[in-house]
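Everything below concerns the one structure shown next.
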Amino acid sequence: MRILLTGGAGYVGSACLRWLLRHGHDPLAYDDLSEGNAAAVPAERLLRGDILDGKTLAATLRERRIDAVMHFAALASVPKSIDQPEAYWRTNVLGTKCLLDAMLASNVKILLFSSTAATYSFDAPMPLAEDSPQVPQVPYGTTKLAAEHIIRDYARAHGLGYAILRYFNAAGADPDGGFGEHRREETHLVPLILYAALGKRRKVFIYGTDWPTRDGSCVRDYVHTDDLALAHQLAVEGLRPGMGRIFNVGSGTGTTVLEALRACERVVGRPIPQEIVARRPGDPAVLVASPAKLERELGWQPRFPRIDEIVETAWRWHHGHPDGYARR
Ligand SMILES: NC(=O)c1ccc[n+]([C@@H]2O[C@H](COP(=O)([O-])OP(=O)(O)OC[C@H]3O[C@@H](n4cnc5c(N)ncnc54)[C@H](O)[C@@H]3O)[C@@H](O)[C@H]2O)c1
């Protein structure tokens, strides 16, 4: 299939693009490079554009004869969304509406959407199933949930086929170590720990060891970017106009922050500078997916089910490219 990946130069989008290329598809990235990296995708597969520019988007869909869209483009930082909700509503909600209008105008009927565990109520019993209550606590989550609603309304009225994939914590890098996570301002745990190991940061902060969990630190569900990409491949290949599907994409295994830190120390082979500080407001104690529906309905099985394996791929990337994509 010829697939347009909005946000396809970003961390998850570019991993999916490389995966789709290796699995017989014809992917193209559409990204304004506000956060993503041009070097993360082959130059001939990168179109520079803004999802809020509906004209260019519609022309691209038409002229490139796109069969399906995977919509990764978004603003995706929880703390920033609290300070700048207007930017999040604009990109995540208006941007999604703009994309849907462009798809209608150019008769593209298949859409995959990157949603998030942050749309769920954090008070629901874990692991979270797809029908767990959605009560987002931060603008990042409310804007992603609003985008889910727009997609479902358009799909019902116009016969689109859609899959909403709610990711848990994306982590890891290409197994060959050539591509990985690189942001202007990093907020994710695994790269922050590995930056401390490399001396790029003085230490990694652990926000609270007084949570009601097995070792007192927060529990999250880490899923490798190749396993996310596999979920996208399976979902897009099975989707037809008129179908609507929703899946969690997580490993189903909870890992505490301290366990992730120990895994990194095992992989790196030495202690990593760290400091325990107070809890951050708004963090849930535990966030774990049930991927049962994805496994049952699409036959998905994670290839990187263990945190050590995920960290090994991330370390190969960060160790081999301490400046990320900066020197490419
Ligand atoms: N990383 C995670 O753990 C995680 C978890 C749950 C959901 N998600 C979702 O997955 C998607 C990808 O996340 P990521 O971690 O790769 O983030 P990312 O920031 O690396 O990728 C987002 C990409 O979108 C692009 N973009 C932003 N605004 C744009 C615009 N107006 N027009 C065109 N392109 C634009 C950015 O340049 C970037 O390349 C996002 O939708 C995010 O909300 C990510």
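So you can find residues: chains in the structure tokens are A, B, ... in the order shown, residues in each start at 1, and ligands are numbered from 1 in order.
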Residues within 9 Å of Ala40 in chain A, please, as a list in words. Count only C-alpha atoms; anything in the same chain fewer than 2 positions from it doesn't count. Gly8, Ala9, Gly10, Tyr11, Ser14, Ala15, Arg18, Gly36, Asn37, Ala38, Pro42, Ala43, Phe179, Gly180 and Tyr325 of chain A
Kindly assemble as a tab-separated table a list of the chain A residues that lie within 8 Å of ligand 1, each paired with its nearest atom pair and their distance in Å to one decimal, using only C-alpha atoms and all ligand atoms, sorted first by chain and then by ascending residue number.
```
residue	atom	partner	partner_atom_place_in_ligand_line	distance
A:Thr6	CA	ligand 1	34 (N)	5.9
A:Gly7	CA	ligand 1	24 (O)	3.4
A:Gly8	CA	ligand 1	39 (O)	6.0
A:Ala9	CA	ligand 1	39 (O)	4.4
A:Gly10	CA	ligand 1	39 (O)	3.2
A:Tyr11	CA	ligand 1	16 (O)	3.6
A:Val12	CA	ligand 1	16 (O)	3.7
A:Gly13	CA	ligand 1	16 (O)	5.4
A:Ser14	CA	ligand 1	16 (O)	7.5
A:Tyr30	CA	ligand 1	33 (C)	6.3
A:Asp31	CA	ligand 1	34 (N)	3.7
A:Asp32	CA	ligand 1	33 (C)	4.2
A:Leu33	CA	ligand 1	37 (O)	3.8
A:Ser34	CA	ligand 1	37 (O)	4.0
A:Glu35	CA	ligand 1	37 (O)	3.6
A:Gly36	CA	ligand 1	39 (O)	3.1
A:Asn37	CA	ligand 1	39 (O)	6.5
A:Arg48	CA	ligand 1	33 (C)	7.7
A:Gly49	CA	ligand 1	33 (C)	5.7
A:Asp50	CA	ligand 1	32 (N)	3.4
A:Ile51	CA	ligand 1	32 (N)	4.0
A:Leu52	CA	ligand 1	31 (N)	5.7
A:His71	CA	ligand 1	41 (O)	7.0
A:Phe72	CA	ligand 1	41 (O)	4.2
A:Ala73	CA	ligand 1	24 (O)	3.4
A:Ala74	CA	ligand 1	41 (O)	4.5
A:Leu75	CA	ligand 1	27 (C)	5.6
A:Ala76	CA	ligand 1	43 (O)	4.5
A:Ser77	CA	ligand 1	43 (O)	7.9
A:Thr91	CA	ligand 1	31 (N)	5.4
A:Asn92	CA	ligand 1	41 (O)	7.9
A:Gly95	CA	ligand 1	31 (N)	6.5
A:Phe113	CA	ligand 1	41 (O)	7.6
A:Ser114	CA	ligand 1	10 (O)	4.8
A:Ser115	CA	ligand 1	7 (C)	5.2
A:Thr116	CA	ligand 1	6 (C)	4.1
A:Ala117	CA	ligand 1	6 (C)	6.3
A:Ala118	CA	ligand 1	6 (C)	7.5
A:Tyr140	CA	ligand 1	43 (O)	7.8
A:Lys144	CA	ligand 1	43 (O)	7.3
A:Arg166	CA	ligand 1	6 (C)	6.5
A:Tyr167	CA	ligand 1	6 (C)	4.3
A:Phe168	CA	ligand 1	5 (C)	5.2
A:Asn169	CA	ligand 1	3 (O)	4.0
A:Ala170	CA	ligand 1	3 (O)	3.7
A:Ala171	CA	ligand 1	3 (O)	6.7
A:Glu181	CA	ligand 1	20 (O)	7.6
A:His182	CA	ligand 1	20 (O)	7.7
A:Arg183	CA	ligand 1	20 (O)	6.7
A:His188	CA	ligand 1	3 (O)	7.6
```
Any idea what's packed within 9 Å of range 291-296 of chain A, counting only C-alpha atoms, ignoring anything in its chain fewer than 3 positions away? Could you give it as a PyMOL selection string? chain A and resi 127-130+231+246-252+299-301
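Comparing the minimum interatomic distances between Val41 in chain A and each of A:Ala29, A:Cys98, A:Ala314, A:Ile272, counting only C-alpha atoms, we find that A:Ala29 sits nearest.
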Got a sec: who's within 10 Å of Trp19 in chain A, counting only C-alpha atoms, leaving out chain neighbours fewer than 5 positions off, as a PyMOL selection string? chain A and resi 13-14+24-25+27+174+225-230+232-233
Keeping only C-alpha atoms, write the selected residues as a PDB file, in the first residue's frame.
```
ATOM      1  CA  GLY A  13       6.482   7.579  12.822  1.00  0.00           C
ATOM      2  CA  SER A  14       9.969   7.115  11.369  1.00  0.00           C
ATOM      3  CA  GLY A  24       6.577  -4.522   1.229  1.00  0.00           C
ATOM      4  CA  HIS A  25       4.761  -1.175   1.496  1.00  0.00           C
ATOM      5  CA  PRO A  27       5.471   4.765   2.783  1.00  0.00           C
ATOM      6  CA  ASP A 174      16.100   0.093  15.538  1.00  0.00           C
ATOM      7  CA  THR A 225       8.900   0.889  18.426  1.00  0.00           C
ATOM      8  CA  ASP A 226       9.186  -2.191  16.143  1.00  0.00           C
ATOM      9  CA  ASP A 227       6.295  -3.776  18.063  1.00  0.00           C
ATOM     10  CA  LEU A 228       4.298  -0.560  17.582  1.00  0.00           C
ATOM     11  CA  ALA A 229       5.183  -0.676  13.891  1.00  0.00           C
ATOM     12  CA  LEU A 230       4.038  -4.305  13.635  1.00  0.00           C
ATOM     13  CA  HIS A 232       0.334  -0.580  12.487  1.00  0.00           C
ATOM     14  CA  GLN A 233       1.192  -3.000   9.700  1.00  0.00           C
TER      15      GLN A 233
END
```
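For the residues A:Ser290, A:Thr255, A:Ser106, A:Thr96, ranking by smallest atom-to-atom distance to Ile151 in chain A using only C-alpha atoms places A:Thr96 first.
The neighbours of Val286 in chain A here are the residues that come within 6 Å of it, using only C-alpha atoms and leaving out any residue fewer than 2 positions away in the same chain; they are Cys218, Val219 and Pro284 of chain A.
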Can you write just those residues out, N, CA, C and O atoms, as a compact mmCIF listing (two decimals), in the first residue's frame?
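Output saved as part27.txt:
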```
# COMPACT_ATOMS: atom_id res chain seq x y z
N CYS A 218 6.95 4.54 40.19
CA CYS A 218 5.79 4.41 39.29
C CYS A 218 5.98 3.22 38.33
O CYS A 218 7.10 2.91 37.93
N VAL A 219 4.87 2.63 37.95
CA VAL A 219 4.88 1.50 37.02
C VAL A 219 4.36 1.96 35.65
O VAL A 219 3.31 2.60 35.57
N PRO A 284 0.30 9.22 37.31
CA PRO A 284 -0.41 8.08 37.91
C PRO A 284 0.60 7.08 38.49
O PRO A 284 1.72 6.98 37.99
```
